[in-house]
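See structure below.
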Amino acid sequence: MTWDDSETLNGITPDQPLNDVHAQLLCVQGGLPPFTIKGDEFRIGRHSENDLRLPSGSASRRHARLVRRGGKYALEDVGSSNGTLLNGRALTSGQPEMLSHNDRIQIAEFVFLFADWGEIARSRNLPSFTIDSAEVKEEADQLIRDYLGIQPGDGSSDSE
């Protein structure tokens with residue numbers, strides 16, 4: 001699974017300032033495209049009013065949300081029927097948990113990797129920088145390959 005080679009990667013254009021793109025959800029199971037998280041709240045669920053609409057009867061109409069606090073994101077289950085998993089552990093409804101780059105989120109049959117480009121910049125002690133779409137694509141593809149256990153160029157998987 002890789003992103004296509006278009007000039008725009010799910011709304012990220014070459015040389016876009018980092019403060020315009022804080023984080024993304026990279027779908028590694030479920031066949032959805034990457035989603036750019038914008039703003040201080042990002043709602044996830046089955047209902048069309050959500051920022052990320054999950055086409056599954058196993059997802060609640062209002063399932064979960066991401067909230068940005070002090071430049072970092074937290075994940076909260078908002079009373080879903082079937083729960084939300086963070087790195088394989090069920091969240092307690094109404095109790096947000098802080099996210100880190102490369103955390104795994106599961107809602108219904110969908111599994112996402114959380115890509116926090118701001119955390120990457122902070123870890124490299126960069127006060128600000130612009131996003132190079134080729135670098136974002138390679139880093140996202142590497143996260144997906146690592147998750148699926150795929151070696152570059154072999155197309156096989158150790159899991160699933």
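Chain labels follow the order of the structure tokens: the first chain is A, the next B, and so on; residue numbering restarts at 1 in every chain, and ligands are counted from 1 in their shown order.
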Q: Run DSSP on the backbone and grab whatever in range 31-96 of chain A lands in strand (DSSP E or B); send it over as a ChimeraX atom specification.
A: /A:35-37,41-45,52-53,64-69,72-77,84-86,89-90
Q: Rounded to one decimal place, report the CA of Phe42 in chain A-CA of Leu66 in chain A distance in Å.
A: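 Those two atoms sit 5.0 Å apart.
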Q.
Here is a test: counting only C-alpha atoms, which residue of A:Thr84, A:Gln29, A:Gln95, A:Ser100 is nearest to Ser58 in chain A?
A. A:Thr84
Q: Excluding Ala90 in chain A and residues on its chain fewer than 2 positions from it, collect all residues at most 12 Å away from it, counting only C-alpha atoms, and give them as JSON, numbers by chain.
A: {"A": [75, 76, 77, 80, 82, 83, 84, 85, 86, 87, 88, 92, 93, 95, 96, 97, 104, 105, 106, 107]}
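The shortest atom-to-atom distance to Leu52 in chain A, with only C-alpha atoms taken into account, belongs to A:Leu32 out of A:Leu32, A:Ala23, A:Val67, A:Leu99.
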If we count only C-alpha atoms, what is near Asp40 in chain A at a cut-off of 10 Å, once residues fewer than 3 positions away on the same chain are taken out, given as a PDB file with C-alpha atoms, in the first residue's frame?
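And here's part_8.pdb as it stands now:
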```pdb
ATOM      1  CA  HIS A  22      -0.097  19.233  11.729  1.00  0.00           C
ATOM      2  CA  ILE A  37      -5.930  16.577  10.415  1.00  0.00           C
ATOM      3  CA  LEU A  66      -8.752  13.987  17.961  1.00  0.00           C
ATOM      4  CA  VAL A  67      -8.196  17.166  19.963  1.00  0.00           C
ATOM      5  CA  ARG A  68      -5.112  19.361  19.690  1.00  0.00           C
ATOM      6  CA  ARG A  69      -3.826  20.729  22.997  1.00  0.00           C
ATOM      7  CA  GLY A  70      -0.635  22.728  23.220  1.00  0.00           C
ATOM      8  CA  GLY A  71       0.566  21.547  19.817  1.00  0.00           C
ATOM      9  CA  LYS A  72      -0.020  17.839  20.602  1.00  0.00           C
ATOM     10  CA  TYR A  73      -2.967  15.614  19.821  1.00  0.00           C
TER      11      TYR A  73
END
```
Q) Separation of CA of Ala115 in chain A and CA of Glu139 in chain A, in Å? A) 9.2 Å
Q: Measure the distance from CA of Asp146 in chain A to CA of Cys27 in chain A in Å and round it to one decimal.
A: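 Calculated distance between CA of Asp146 in chain A and CA of Cys27 in chain A is 13.2 Å.
Using only C-alpha atoms, the contacts of Gln24 in chain A at a cut-off of 7 Å, with sequence neighbours closer than 5 positions omitted, comprise Pro34, Phe35, Thr36, Ile37, Phe114, Ala115 and Asp116 of chain A.
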Q. Can you list, as a ChimeraX atom specification, every residue of range 15-152 of chain A that DSSP puts in alpha helix (DSSP H)?
A. /A:117-123,133-148
Could you write those residues out with N, CA and C atoms, as an mmCIF file, in the first residue's frame?
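For reference, result.cif as written:
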```
data_model
loop_
_atom_site.group_PDB
_atom_site.id
_atom_site.type_symbol
_atom_site.label_atom_id
_atom_site.label_comp_id
_atom_site.auth_asym_id
_atom_site.auth_seq_id
_atom_site.Cartn_x
_atom_site.Cartn_y
_atom_site.Cartn_z
ATOM 1 N N TRP A 117 3.595 15.250 12.091
ATOM 2 C CA TRP A 117 4.729 15.911 11.446
ATOM 3 C C TRP A 117 5.320 16.985 12.346
ATOM 4 N N GLY A 118 4.512 17.582 13.218
ATOM 5 C CA GLY A 118 5.034 18.544 14.188
ATOM 6 C C GLY A 118 5.981 17.886 15.177
ATOM 7 N N GLU A 119 5.649 16.665 15.619
ATOM 8 C CA GLU A 119 6.526 15.932 16.537
ATOM 9 C C GLU A 119 7.858 15.615 15.860
ATOM 10 N N ILE A 120 7.804 15.268 14.575
ATOM 11 C CA ILE A 120 9.039 15.006 13.830
ATOM 12 C C ILE A 120 9.907 16.265 13.806
ATOM 13 N N ALA A 121 9.297 17.412 13.533
ATOM 14 C CA ALA A 121 10.053 18.667 13.488
ATOM 15 C C ALA A 121 10.660 18.979 14.852
ATOM 16 N N ARG A 122 9.869 18.806 15.929
ATOM 17 C CA ARG A 122 10.384 19.074 17.281
ATOM 18 C C ARG A 122 11.523 18.131 17.634
ATOM 19 N N SER A 123 11.407 16.847 17.246
ATOM 20 C CA SER A 123 12.454 15.885 17.583
ATOM 21 C C SER A 123 13.762 16.198 16.866
ATOM 22 N N SER A 133 6.997 17.299 -0.390
ATOM 23 C CA SER A 133 6.020 16.223 -0.608
ATOM 24 C C SER A 133 6.691 14.872 -0.834
ATOM 25 N N ALA A 134 7.865 14.839 -1.445
ATOM 26 C CA ALA A 134 8.563 13.573 -1.665
ATOM 27 C C ALA A 134 9.015 12.969 -0.332
ATOM 28 N N GLU A 135 9.492 13.826 0.594
ATOM 29 C CA GLU A 135 9.913 13.331 1.907
ATOM 30 C C GLU A 135 8.721 12.826 2.710
ATOM 31 N N VAL A 136 7.594 13.550 2.660
ATOM 32 C CA VAL A 136 6.384 13.116 3.363
ATOM 33 C C VAL A 136 5.923 11.783 2.807
ATOM 34 N N LYS A 137 5.917 11.640 1.488
ATOM 35 C CA LYS A 137 5.478 10.391 0.866
ATOM 36 C C LYS A 137 6.375 9.247 1.307
ATOM 37 N N GLU A 138 7.682 9.437 1.289
ATOM 38 C CA GLU A 138 8.597 8.360 1.670
ATOM 39 C C GLU A 138 8.445 7.998 3.142
ATOM 40 N N GLU A 139 8.332 8.990 4.017
ATOM 41 C CA GLU A 139 8.170 8.714 5.448
ATOM 42 C C GLU A 139 6.851 7.982 5.703
ATOM 43 N N ALA A 140 5.771 8.403 5.061
ATOM 44 C CA ALA A 140 4.476 7.741 5.230
ATOM 45 C C ALA A 140 4.518 6.320 4.681
ATOM 46 N N ASP A 141 5.106 6.143 3.517
ATOM 47 C CA ASP A 141 5.224 4.800 2.946
ATOM 48 C C ASP A 141 6.054 3.896 3.855
ATOM 49 N N GLN A 142 7.119 4.440 4.473
ATOM 50 C CA GLN A 142 7.946 3.646 5.380
ATOM 51 C C GLN A 142 7.160 3.233 6.617
ATOM 52 N N LEU A 143 6.349 4.141 7.171
ATOM 53 C CA LEU A 143 5.508 3.788 8.318
ATOM 54 C C LEU A 143 4.586 2.627 7.963
ATOM 55 N N ILE A 144 3.995 2.691 6.791
ATOM 56 C CA ILE A 144 3.074 1.644 6.354
ATOM 57 C C ILE A 144 3.829 0.335 6.126
ATOM 58 N N ARG A 145 4.993 0.397 5.468
ATOM 59 C CA ARG A 145 5.792 -0.821 5.250
ATOM 60 C C ARG A 145 6.191 -1.454 6.576
ATOM 61 N N ASP A 146 6.618 -0.625 7.523
ATOM 62 C CA ASP A 146 7.007 -1.148 8.838
ATOM 63 C C ASP A 146 5.828 -1.819 9.515
ATOM 64 N N TYR A 147 4.677 -1.195 9.458
ATOM 65 C CA TYR A 147 3.485 -1.767 10.094
ATOM 66 C C TYR A 147 3.112 -3.104 9.461
ATOM 67 N N LEU A 148 3.154 -3.165 8.142
ATOM 68 C CA LEU A 148 2.748 -4.375 7.434
ATOM 69 C C LEU A 148 3.860 -5.418 7.334
#
```
